[in-house]
Amino acid sequence: MNHKEMLYEGKAKKVYAMEDSDLVMVEYKDDATAFNGLKKGTIEGKGVVNNLMSNYMFQYLEKKGVPTHFVEQIDDRHTIVKKVQIVPLEVIVRNRAAGSFCKRYGAKEGLVFAKPTFEFSYKNDDLGDPLLNEDHALALNLATKEEIDQIRHMALTVNKEMGELLLSVGIVLVDFKLEFGRLPDGKIVLADEISPDTCRFWDAKTGEKLDKDRFRLDLGDEQQGYRELFKRLGLEK
Ligand code: ADP
Ligand code: UDP
């Protein structure tokens, strides 16, 4: 693992420079935060689950035609990815009402949508990641119209492919957040992570929450929820 200096430490991951300046190494931590950093804690083993699950999903999605930043898993917590310029949009797809959708619109948790919704917020911690529409994103030069169209198409493909995969192991994909990045040639790829920290996963039979809501809502035993997902996907060693 020939990494150089740490470039960035975020809430859930550290990012290191590599000899090859087109790559970075990501390290997944056990630190957990919610409500824009207001709630803090540790979920033992979370970093391992998130690393392995993200890599599994990225490789699966590549096969389904979605280009991603994934290059190579180094160990349980470390992965080499293509370095991208992150598009500062948190892209959210929802299949059912949960979280801020319920808070914002007074919808009942679990309401099933006739078709998936697509939204994004401005990835800016200081502003609390405010919701914004396409015109706002264009006005702020966060992305071009072509990039936004591509991102929407890719996000909906991720929803379809990941939703079907999860349903086959008894899990409902309620909603999730994606980040996209630009490669040096301008190509848009799926970046960051896809994990129980960034998705809502419910057991299809019981409705049990198997994701970060256990931490957000103090439902207890977060580790067990993360592990259960791991087991269902056949990732447990
Ligand atoms: P946050 O910044 O929200 O606290 P993390 O702790 O997950 O989030 O930090 C990881 C950071 O690395 C995020 O800012 C994310 O946008 C960024 N990132 C993810 N994938 C890549 C990539 N391929 N190249 C460069 N930066 C990336
Ligand atoms: N999400 C995320 N990071 C964020 C905000 C949301 O990964 O900064 C994910 C969250 O885990 C959920 C989806 O995006 O799967 C929709 O989240 P929502 O807008 O309902 O906000 P939250 O309930 O997290 O406040």
# chains A, B, ... in the order shown; residues from 1 in each chain; ligands from 1
$ closest_atom_pairs --of "range 44-159 of chain A" --to "range 209-212 of chain A" --cutoff "12 Å" --atoms "only C-alpha atoms" --output "Markdown table"
| residue | atom | partner | partner_atom | distance |
| --- | --- | --- | --- | --- |
| A:Lys46 | CA | A:Lys212 | CA | 10.0 |
| A:Val49 | CA | A:Asp211 | CA | 11.2 |
| A:Asn50 | CA | A:Asp211 | CA | 10.8 |
| A:Ala98 | CA | A:Lys209 | CA | 11.3 |
| A:Gly99 | CA | A:Lys212 | CA | 11.2 |
| A:Gly110 | CA | A:Lys209 | CA | 11.4 |
$ write_last_selection --atoms "all heavy atoms" --output "CSV table (one decimal), in the first residue's frame"
chain,number,residue,atom,x,y,z
A,46,LYS,N,-18.0,-0.9,11.5
A,46,LYS,CA,-18.8,-0.3,10.4
A,46,LYS,C,-17.9,0.0,9.2
A,46,LYS,O,-18.3,-0.2,8.0
A,46,LYS,CB,-19.4,1.1,10.9
A,46,LYS,CG,-20.0,1.9,9.8
A,46,LYS,CD,-20.6,3.2,10.4
A,46,LYS,CE,-19.6,4.3,10.5
A,46,LYS,NZ,-19.4,5.1,9.3
A,49,VAL,N,-17.6,-3.1,7.0
A,49,VAL,CA,-18.8,-3.4,6.3
A,49,VAL,C,-19.0,-2.4,5.1
A,49,VAL,O,-19.3,-2.8,4.0
A,49,VAL,CB,-20.1,-3.3,7.2
A,49,VAL,CG1,-21.4,-3.4,6.4
A,49,VAL,CG2,-20.0,-4.4,8.3
A,50,ASN,N,-18.8,-1.1,5.4
A,50,ASN,CA,-19.0,-0.1,4.3
A,50,ASN,C,-18.0,-0.2,3.2
A,50,ASN,O,-18.4,0.0,2.0
A,50,ASN,CB,-18.9,1.3,5.0
A,50,ASN,CG,-20.1,1.6,5.8
A,50,ASN,OD1,-21.0,0.7,6.0
A,50,ASN,ND2,-20.3,2.8,6.3
A,98,ALA,N,-39.3,8.4,3.7
A,98,ALA,CA,-38.6,8.2,5.0
A,98,ALA,C,-37.8,9.5,5.2
A,98,ALA,O,-37.7,10.4,4.4
A,98,ALA,CB,-37.6,7.0,4.9
A,99,GLY,N,-37.2,9.6,6.4
A,99,GLY,CA,-36.3,10.6,6.8
A,99,GLY,C,-36.8,12.0,6.5
A,99,GLY,O,-37.9,12.4,6.8
A,110,GLY,N,-42.8,5.1,4.9
A,110,GLY,CA,-43.1,3.8,4.3
A,110,GLY,C,-44.0,4.0,3.0
A,110,GLY,O,-44.1,3.1,2.3
$ closest_atom_pairs --of "range 140-159 of chain A" --to "range 59-67 of chain A" --cutoff "9 Å" --atoms "only C-alpha atoms" --output "JSON lines"
{"residue": "A:Met154", "atom": "CA", "partner": "A:Val66", "partner_atom": "CA", "distance": 6.6}
{"residue": "A:Thr157", "atom": "CA", "partner": "A:Val66", "partner_atom": "CA", "distance": 7.7}
{"residue": "A:Val158", "atom": "CA", "partner": "A:Leu61", "partner_atom": "CA", "distance": 6.9}
$ residues_near_ligand --ligand "ligand 1" --cutoff "6 Å" --atoms "only C-alpha atoms and all ligand atoms" --output "PyMOL selection string"
chain A and resi 10-13+69+81-86+191-192
$ write_last_selection --atoms "N, CA and C atoms" --output "PDB file, in the first residue's frame"
ATOM      1  N   GLY A  10     -12.595  13.148   6.381  1.00  0.00           N
ATOM      2  CA  GLY A  10     -14.019  13.480   6.469  1.00  0.00           C
ATOM      3  C   GLY A  10     -14.634  12.832   7.687  1.00  0.00           C
ATOM      4  N   LYS A  11     -15.962  12.801   7.714  1.00  0.00           N
ATOM      5  CA  LYS A  11     -16.671  12.267   8.872  1.00  0.00           C
ATOM      6  C   LYS A  11     -16.568  10.739   8.923  1.00  0.00           C
ATOM      7  N   ALA A  12     -16.505  10.099   7.756  1.00  0.00           N
ATOM      8  CA  ALA A  12     -16.526   8.631   7.718  1.00  0.00           C
ATOM      9  C   ALA A  12     -15.296   8.011   7.076  1.00  0.00           C
ATOM     10  N   LYS A  13     -14.527   8.827   6.332  1.00  0.00           N
ATOM     11  CA  LYS A  13     -13.378   8.261   5.606  1.00  0.00           C
ATOM     12  C   LYS A  13     -12.190   9.213   5.630  1.00  0.00           C
ATOM     13  N   HIS A  69     -15.687   4.798  -9.725  1.00  0.00           N
ATOM     14  CA  HIS A  69     -14.291   5.148  -9.416  1.00  0.00           C
ATOM     15  C   HIS A  69     -13.487   3.937  -8.912  1.00  0.00           C
ATOM     16  N   VAL A  81      -9.085   4.050  -5.426  1.00  0.00           N
ATOM     17  CA  VAL A  81     -10.107   4.519  -6.383  1.00  0.00           C
ATOM     18  C   VAL A  81      -9.481   5.560  -7.311  1.00  0.00           C
ATOM     19  N   LYS A  82     -10.141   5.784  -8.453  1.00  0.00           N
ATOM     20  CA  LYS A  82      -9.693   6.848  -9.347  1.00  0.00           C
ATOM     21  C   LYS A  82      -9.976   8.180  -8.687  1.00  0.00           C
ATOM     22  N   LYS A  83      -8.985   9.055  -8.699  1.00  0.00           N
ATOM     23  CA  LYS A  83      -9.202  10.376  -8.112  1.00  0.00           C
ATOM     24  C   LYS A  83     -10.130  11.180  -9.028  1.00  0.00           C
ATOM     25  N   VAL A  84     -11.157  11.747  -8.450  1.00  0.00           N
ATOM     26  CA  VAL A  84     -12.081  12.558  -9.244  1.00  0.00           C
ATOM     27  C   VAL A  84     -12.237  13.931  -8.613  1.00  0.00           C
ATOM     28  N   GLN A  85     -12.780  14.841  -9.425  1.00  0.00           N
ATOM     29  CA  GLN A  85     -13.233  16.116  -8.873  1.00  0.00           C
ATOM     30  C   GLN A  85     -14.708  15.891  -8.555  1.00  0.00           C
ATOM     31  N   ILE A  86     -15.014  15.901  -7.259  1.00  0.00           N
ATOM     32  CA  ILE A  86     -16.393  15.596  -6.857  1.00  0.00           C
ATOM     33  C   ILE A  86     -17.350  16.698  -7.328  1.00  0.00           C
ATOM     34  N   ALA A 191     -18.931   7.889  -7.575  1.00  0.00           N
ATOM     35  CA  ALA A 191     -17.800   7.930  -6.632  1.00  0.00           C
ATOM     36  C   ALA A 191     -18.303   7.740  -5.197  1.00  0.00           C
ATOM     37  N   ASP A 192     -17.489   8.102  -4.251  1.00  0.00           N
ATOM     38  CA  ASP A 192     -17.761   8.024  -2.817  1.00  0.00           C
ATOM     39  C   ASP A 192     -18.125   6.599  -2.378  1.00  0.00           C
TER      40      ASP A 192
END
$ residues_around --residues "Asp30 in chain A" --least-positions-apart "2" --cutoff "7 Å" --atoms "only C-alpha atoms" --output "MDAnalysis selection string"
chainID A and resid 28 32 42:47
$ atom_distance --atom1 "CA of Ala17 in chain A" --atom2 "CA of Glu5 in chain A"
5.7 Å
$ decode --residues "range 90-209 of chain A" --atoms "C-alpha atoms" --output "short mmCIF file (atom, residue, chain, number, x, y, z; two decimals), in the first residue's frame"
data_model
loop_
_atom_site.label_atom_id
_atom_site.label_comp_id
_atom_site.auth_asym_id
_atom_site.auth_seq_id
_atom_site.Cartn_x
_atom_site.Cartn_y
_atom_site.Cartn_z
CA GLU A 90 -25.71 14.96 -3.01
CA VAL A 91 -27.91 12.97 -5.34
CA ILE A 92 -30.85 11.27 -3.64
CA VAL A 93 -33.24 8.70 -5.08
CA ARG A 94 -36.29 7.60 -3.11
CA ASN A 95 -38.70 4.69 -3.57
CA ARG A 96 -40.58 5.17 -0.31
CA ALA A 97 -41.08 8.04 2.11
CA ALA A 98 -38.57 8.21 4.97
CA GLY A 99 -36.26 10.63 6.77
CA SER A 100 -36.29 14.22 5.62
CA PHE A 101 -38.97 13.53 3.00
CA CYS A 102 -41.42 12.72 5.83
CA LYS A 103 -40.24 15.68 7.90
CA ARG A 104 -40.44 18.11 5.00
CA TYR A 105 -43.78 17.05 3.51
CA GLY A 106 -45.54 15.35 6.45
CA ALA A 107 -45.70 12.04 4.55
CA LYS A 108 -46.21 8.78 6.44
CA GLU A 109 -43.00 6.75 6.70
CA GLY A 110 -43.07 3.85 4.25
CA LEU A 111 -45.46 5.45 1.70
CA VAL A 112 -44.65 3.63 -1.56
CA PHE A 113 -44.10 5.95 -4.53
CA ALA A 114 -45.58 5.14 -7.95
CA LYS A 115 -42.17 5.94 -9.43
CA PRO A 116 -38.80 6.80 -7.92
CA THR A 117 -38.07 10.45 -7.10
CA PHE A 118 -34.78 12.17 -7.92
CA GLU A 119 -33.49 15.17 -5.99
CA PHE A 120 -30.22 16.77 -5.08
CA SER A 121 -28.83 18.99 -2.42
CA TYR A 122 -25.81 21.27 -2.47
CA LYS A 123 -22.89 19.34 -0.88
CA ASN A 124 -21.79 22.07 1.50
CA ASP A 125 -21.48 21.27 5.22
CA ASP A 126 -21.34 24.95 6.23
CA LEU A 127 -24.75 25.53 4.66
CA GLY A 128 -26.16 22.22 5.96
CA ASP A 129 -26.43 20.63 2.48
CA PRO A 130 -29.50 22.63 1.35
CA LEU A 131 -31.95 21.14 -1.13
CA LEU A 132 -31.70 22.76 -4.56
CA ASN A 133 -33.28 22.37 -7.98
CA GLU A 134 -31.67 22.01 -11.39
CA ASP A 135 -31.87 25.75 -12.20
CA HIS A 136 -30.13 26.54 -8.90
CA ALA A 137 -27.38 24.01 -9.61
CA LEU A 138 -26.89 25.55 -13.07
CA ALA A 139 -26.95 29.09 -11.65
CA LEU A 140 -24.23 28.14 -9.16
CA ASN A 141 -22.21 26.39 -11.92
CA LEU A 142 -22.13 23.18 -9.86
CA ALA A 143 -22.60 21.08 -13.01
CA THR A 144 -23.62 21.49 -16.64
CA LYS A 145 -27.06 20.53 -17.99
CA GLU A 146 -25.48 17.57 -19.80
CA GLU A 147 -23.79 16.40 -16.58
CA ILE A 148 -27.04 16.67 -14.61
CA ASP A 149 -28.90 14.67 -17.28
CA GLN A 150 -26.21 12.01 -17.17
CA ILE A 151 -26.20 11.94 -13.36
CA ARG A 152 -29.99 11.54 -13.27
CA HIS A 153 -29.83 8.67 -15.76
CA MET A 154 -27.02 6.93 -13.85
CA ALA A 155 -28.72 7.40 -10.47
CA LEU A 156 -31.96 5.85 -11.75
CA THR A 157 -30.01 2.94 -13.24
CA VAL A 158 -28.33 2.40 -9.86
CA ASN A 159 -31.78 2.43 -8.25
CA LYS A 160 -33.13 -0.19 -10.63
CA GLU A 161 -30.13 -2.53 -10.51
CA MET A 162 -29.38 -2.25 -6.81
CA GLY A 163 -33.10 -2.43 -5.93
CA GLU A 164 -33.53 -5.69 -7.83
CA LEU A 165 -30.38 -7.18 -6.35
CA LEU A 166 -31.40 -6.32 -2.79
CA LEU A 167 -34.97 -7.51 -3.22
CA SER A 168 -33.60 -10.90 -4.27
CA VAL A 169 -32.09 -11.18 -0.76
CA GLY A 170 -35.20 -9.88 1.02
CA ILE A 171 -34.23 -6.23 1.39
CA VAL A 172 -36.19 -3.16 0.28
CA LEU A 173 -34.11 -0.25 -1.01
CA VAL A 174 -36.00 2.71 0.50
CA ASP A 175 -33.70 5.58 -0.53
CA PHE A 176 -30.02 6.41 -0.98
CA LYS A 177 -27.49 9.15 -1.62
CA LEU A 178 -24.89 9.08 -4.37
CA GLU A 179 -21.94 11.28 -5.26
CA PHE A 180 -20.49 11.62 -8.73
CA GLY A 181 -17.10 12.87 -9.88
CA ARG A 182 -15.30 14.03 -12.99
CA LEU A 183 -12.26 12.16 -14.28
CA PRO A 184 -9.45 14.30 -15.79
CA ASP A 185 -11.04 13.85 -19.26
CA GLY A 186 -14.38 15.14 -17.93
CA LYS A 187 -16.10 11.75 -17.87
CA ILE A 188 -18.66 11.42 -15.05
CA VAL A 189 -18.32 8.36 -12.79
CA LEU A 190 -20.06 7.16 -9.64
CA ALA A 191 -17.80 7.93 -6.63
CA ASP A 192 -17.76 8.02 -2.82
CA GLU A 193 -19.59 5.05 -1.23
CA ILE A 194 -22.77 2.96 -1.27
CA SER A 195 -23.34 1.54 2.19
CA PRO A 196 -25.75 1.36 5.14
CA ASP A 197 -24.48 4.86 6.00
CA THR A 198 -25.78 6.27 2.73
CA CYS A 199 -28.83 4.10 1.99
CA ARG A 200 -31.98 3.03 3.83
CA PHE A 201 -32.44 -0.73 3.78
CA TRP A 202 -35.50 -2.40 5.29
CA ASP A 203 -36.16 -6.08 5.76
CA ALA A 204 -38.81 -6.90 3.13
CA LYS A 205 -40.83 -9.11 5.51
CA THR A 206 -40.58 -7.39 8.88
CA GLY A 207 -39.74 -3.80 7.89
CA GLU A 208 -36.79 -3.90 10.32
CA LYS A 209 -34.29 -1.12 9.63
#
